[in-house]
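Enquirer: I'd like to ask you about the structure that follows.
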Amino acid sequence: MTDNPEIADFLHAVERRLHTCVTGAVAEQLQLIDPELSSFAQVSLSAVTGGGKRLRPRFAFCAWRLGTPDPQRTDAIVALAASLELLHAAILVHDDIIDHSDLRRGRPSARAALAGQHRERNWWGAAQEFGDGAALLVGDLLWSAAHDEFDDMTSALPPQLRRQVAGCFRSMRVEVLSGQLLELRAQAARDYRPDTAEQIQRYKTGSYTVVRPVELGSILAGSATPAVTDPLRSYAVAVGQAFQLRDDLADLFSPTESTGKRPGDDIRSGKPTELLGATLTMATAADAQSLTPIVGDAAADDDRIADAQRIALRSGAVDRTRSRIGGLVATAEQALSRLPATVDPGGRVELTRLLTECTDLSFLPAG
């Protein structure tokens, strides 16, 4: 993930903090109430510690590192990073319920794991209904743990700084949920207009994954100047947009071993992505007519998804999206070049590494 010893140490500290948080705030509390809840505690822990790129902590740390006057005092940024990952884990558990996803990072999602427990024990009722209901509550427990961790972290900050950090965190929280609601509305309305996809992308992914974590890190640093924060924001907006466009391509073309999910799930669920909107707009009438019944067909098999891939490639929408990502990469690189020469070089290198990671398109067919 990184060869920067400082960032590696930070990520190890985040992992330890996450394990401590979930163990203390969720697992031990459930087991104290009733030992029979231990299986739910284990699913909660797996949802947080079962892998992931830790993008939000890394973006927050880099921004904090570029602005902090005291890089040795990492307690607050570690706690902030842990709260971001706990919130992310909660949202993923809930997302998998909404999307009916059985895989997450190549393993059974929380809803699938809990439904599996129901089947193994031959319990009464529908296993998947149980799995979804139990996963909803697991997500709620992680959501609560995220806010407990965040509140504990901010309680030690000076009042003005605490208000700034809390205001940014609250905005991020509302934005990501608004993005999810916008997506659900667009799915139901089969609204595949480019401006709809762009609005969803801005709030559900760009702001939540990159822009707000960068802003939180800068605020927490306490002394970041506009000479640092202005280029960082331009960088973050560009990377956030590019990351979602890359994710749309990855969903359709990247194999399960890379994404941990089946290729084509966005198509099966009828998600209003920019890639889908561009494909429907740019495809021939015959191809658009062939693609339309695949979109939203939860039972679409691999052959039908392969048809969707071919239509997206033929239409030029894949090349268009690739070009859009290239332009955003150039914008992000230009923003980094505007950072003062005096900022931490390791942070600048890591931001470049994150840009490369978030825009990697090596899974796409050549062309």
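Residues in the structure tokens are numbered from 1 in each chain, the chains being A, B, ... in the order shown, and ligands are numbered from 1 in the order shown.
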Need the shell around stretch 94-107 of chain A: protein/DNA/RNA residues with any atom at most 6 Å away, counting only C-alpha atoms. Skip same-chain ones fewer than 3 positions apart. Format as a ChimeraX atom specification?

Expert: /A:91,112,132,260-261

Enquirer: Take the residues just selected and output them with C-alpha atoms as a short mmCIF file (atom, residue, chain, number, x, y, z; two decimals), in the first residue's frame.

Expert:
data_model
loop_
_atom_site.label_atom_id
_atom_site.label_comp_id
_atom_site.auth_asym_id
_atom_site.auth_seq_id
_atom_site.Cartn_x
_atom_site.Cartn_y
_atom_site.Cartn_z
CA ILE A 91 -22.32 2.60 5.31
CA ALA A 112 -24.96 -12.85 3.55
CA ASP A 132 -30.92 -8.11 6.22
CA GLY A 260 -14.43 -8.48 -4.49
CA LYS A 261 -17.79 -8.19 -6.28
#

Enquirer: Which neighbours of stretch 17-33 of chain A fall inside 6 Å, counting only C-alpha atoms, when residues of the same chain fewer than 5 positions from it are skipped, and could you give them as a PyMOL selection string?

Expert: chain A and resi 38+41+82

Enquirer: Output N, CA and C atoms of each residue in that selection to a file, as a tab-separated table (two decimals), in the first residue's frame.

Expert:
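What follows is the written file out-v1.tsv:
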chain	number	residue	atom	x	y	z
A	38	SER	N	-22.66	-13.14	20.47
A	38	SER	CA	-21.25	-13.11	20.06
A	38	SER	C	-21.08	-13.25	18.55
A	41	ALA	N	-21.34	-9.91	17.14
A	41	ALA	CA	-20.14	-9.17	17.46
A	41	ALA	C	-19.03	-9.50	16.48
A	82	ALA	N	-9.91	6.54	12.50
A	82	ALA	CA	-10.71	5.41	12.97
A	82	ALA	C	-12.20	5.71	12.85

Enquirer: So, with only C-alpha atoms as the atoms that count, which of A:Ala317, A:Ala156, A:Leu351, A:Val329 lies closest to A:Leu66?

Expert: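 Counting only C-alpha atoms, the residue closest to A:Leu66 is A:Leu351.
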
Enquirer: What residues in stretch 38-250 of chain A get the DSSP label alpha helix (DSSP H)? Please answer as a PyMOL selection string.

Expert: chain A and resi 38-49+55-67+75-99+110-120+127-154+159-189+194-200+212-221+226-250

Enquirer: Excluding A:Ser218 and residues on its chain fewer than 4 positions from it, collect all residues at most 12 Å away from it, counting only C-alpha atoms, and give them as a PyMOL selection string.

Expert: chain A and resi 59-69+77+80+161+164-165+168+211-214+222-233+236

Enquirer: Tell me, in Å to one decimal, how far atom CA of A:Ala145 is from atom CA of A:His118.

Expert: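 Interatomic distance, atom CA of A:Ala145 to atom CA of A:His118: 25.5 Å.
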
Enquirer: If you count only C-alpha atoms, which residues fall within 7 Å of stretch 203-210 of chain A, apart from same-chain ones fewer than 5 positions away, as a list in words?

Expert: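 That gives Arg56, Phe59, Met172, Glu175, Val176, Ser178, Gly179, Gln180, Ala236, Val237, Gly240, Gln241 and Gln244 of chain A.
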
Enquirer: Any chance you can output those residues with C-alpha atoms as a tab-separated table (two decimals), in the first residue's frame?

Expert:
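Printed below is selection.tsv as written:
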chain	number	residue	atom	x	y	z
A	56	ARG	CA	-10.14	8.04	3.81
A	59	PHE	CA	-6.21	11.23	2.51
A	172	MET	CA	-19.91	14.79	5.19
A	175	GLU	CA	-23.78	14.48	1.98
A	176	VAL	CA	-23.09	10.76	1.69
A	178	SER	CA	-28.04	12.45	0.39
A	179	GLY	CA	-26.00	10.87	-2.41
A	180	GLN	CA	-27.47	7.47	-1.57
A	236	ALA	CA	-9.41	16.43	-3.75
A	237	VAL	CA	-12.32	17.46	-5.99
A	240	GLY	CA	-12.99	12.31	-6.03
A	241	GLN	CA	-14.57	12.67	-9.47
A	244	GLN	CA	-16.01	7.40	-9.07

Enquirer: Taking into account only C-alpha atoms, which residue in the set A:Val349, A:Ala250, A:Ile200, A:Ala135 is nearest to A:Asp3?

Expert: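 Of the candidates, the smallest distance to A:Asp3 is held by A:Val349.
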
Enquirer: Quick one: residues within 12 Å of A:Leu280, only C-alpha atoms counted, chain neighbours fewer than 5 positions away excluded, as number ranges by chain?

Expert: A: 190-194, 267, 272-275, 285-295, 308, 311-318

Enquirer: What is the distance, in Å and to one decimal place, between atom CA of A:Asp266 and atom CA of A:Leu364?

Expert: 16.5 Å

Enquirer: Of the candidates A:Ala110, A:Ala197, A:Leu245, A:Val78, which shows the shortest atom-to-atom distance to A:Gly133, using only C-alpha atoms?

Expert: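 Answer, going by the shortest atom-to-atom distance: A:Ala110.
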
Enquirer: Tell me, in Å to one decimal, how far atom CA of A:Asp70 is from atom CA of A:Ser234.

Expert: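 Interatomic distance, atom CA of A:Asp70 to atom CA of A:Ser234: 24.9 Å.
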
Enquirer: Taking the chain letters and numbering used in this document, name the residues of stretch 17-174 of chain A that DSSP puts in strand (DSSP E), as a list in words.

Expert: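 Answer for stretch 17-174 of chain A, restricted to strand (DSSP E): Leu103, Arg104, Arg107 and Pro108 of chain A.
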
Enquirer: Please save N, CA and C atoms of the selected residues as a JSON list (two decimals), in the first residue's frame.

Expert:
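Just written: selection.json:
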[["chain", "number", "residue", "atom", "x", "y", "z"],
["A", 103, "LEU", "N", -21.53, -10.25, -1.76],
["A", 103, "LEU", "CA", -20.07, -10.21, -1.65],
["A", 103, "LEU", "C", -19.61, -8.82, -1.27],
["A", 104, "ARG", "N", -18.59, -8.79, -0.44],
["A", 104, "ARG", "CA", -17.93, -7.55, -0.08],
["A", 104, "ARG", "C", -16.45, -7.88, 0.11],
["A", 107, "ARG", "N", -15.53, -11.57, 0.06],
["A", 107, "ARG", "CA", -16.04, -12.44, 1.12],
["A", 107, "ARG", "C", -17.53, -12.18, 1.29],
["A", 108, "PRO", "N", -18.23, -13.07, 1.99],
["A", 108, "PRO", "CA", -19.66, -12.81, 2.20],
["A", 108, "PRO", "C", -19.87, -11.47, 2.89]]

Enquirer: Can you tell me, as a PyMOL selection string, what residues are no more than 12 Å from A:Ala8 when counting only C-alpha atoms, ignoring any on the same chain fewer than 3 positions away?

Expert: chain A and resi 1-5+11-15+54+57-58+61+346+350

Enquirer: With C-alpha atoms retained, export the selected residues as a tab-separated table (two decimals), in the first residue's frame.

Expert:
chain	number	residue	atom	x	y	z
A	1	MET	CA	0.00	0.00	0.00
A	2	THR	CA	2.84	2.40	0.89
A	3	ASP	CA	6.59	2.31	1.44
A	4	ASN	CA	6.53	5.49	3.54
A	5	PRO	CA	7.44	4.37	7.10
A	11	LEU	CA	-1.99	2.89	9.32
A	12	HIS	CA	-0.86	0.27	11.85
A	13	ALA	CA	-2.01	2.60	14.63
A	14	VAL	CA	-5.38	3.03	12.88
A	15	GLU	CA	-5.82	-0.75	12.63
A	54	ARG	CA	-8.12	2.78	4.02
A	57	PRO	CA	-7.53	7.72	6.61
A	58	ARG	CA	-4.72	8.11	4.09
A	61	PHE	CA	-3.40	11.94	7.18
A	346	GLY	CA	6.50	12.50	1.98
A	350	GLU	CA	1.73	9.83	-0.91

Enquirer: Which residue gives the smallest distance to A:Asp75 among A:Thr359, A:Thr279, A:Thr154, A:Gln201, with only C-alpha atoms counted?

Expert: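 Ranked by minimum distance to A:Asp75, first place goes to A:Thr154.
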
Enquirer: Kindly indicate which residue among A:Ala79, A:Gly270, A:Ala134, A:His88 lies nearest to A:Leu37, using only C-alpha atoms for the distances.

Expert: A:Ala134
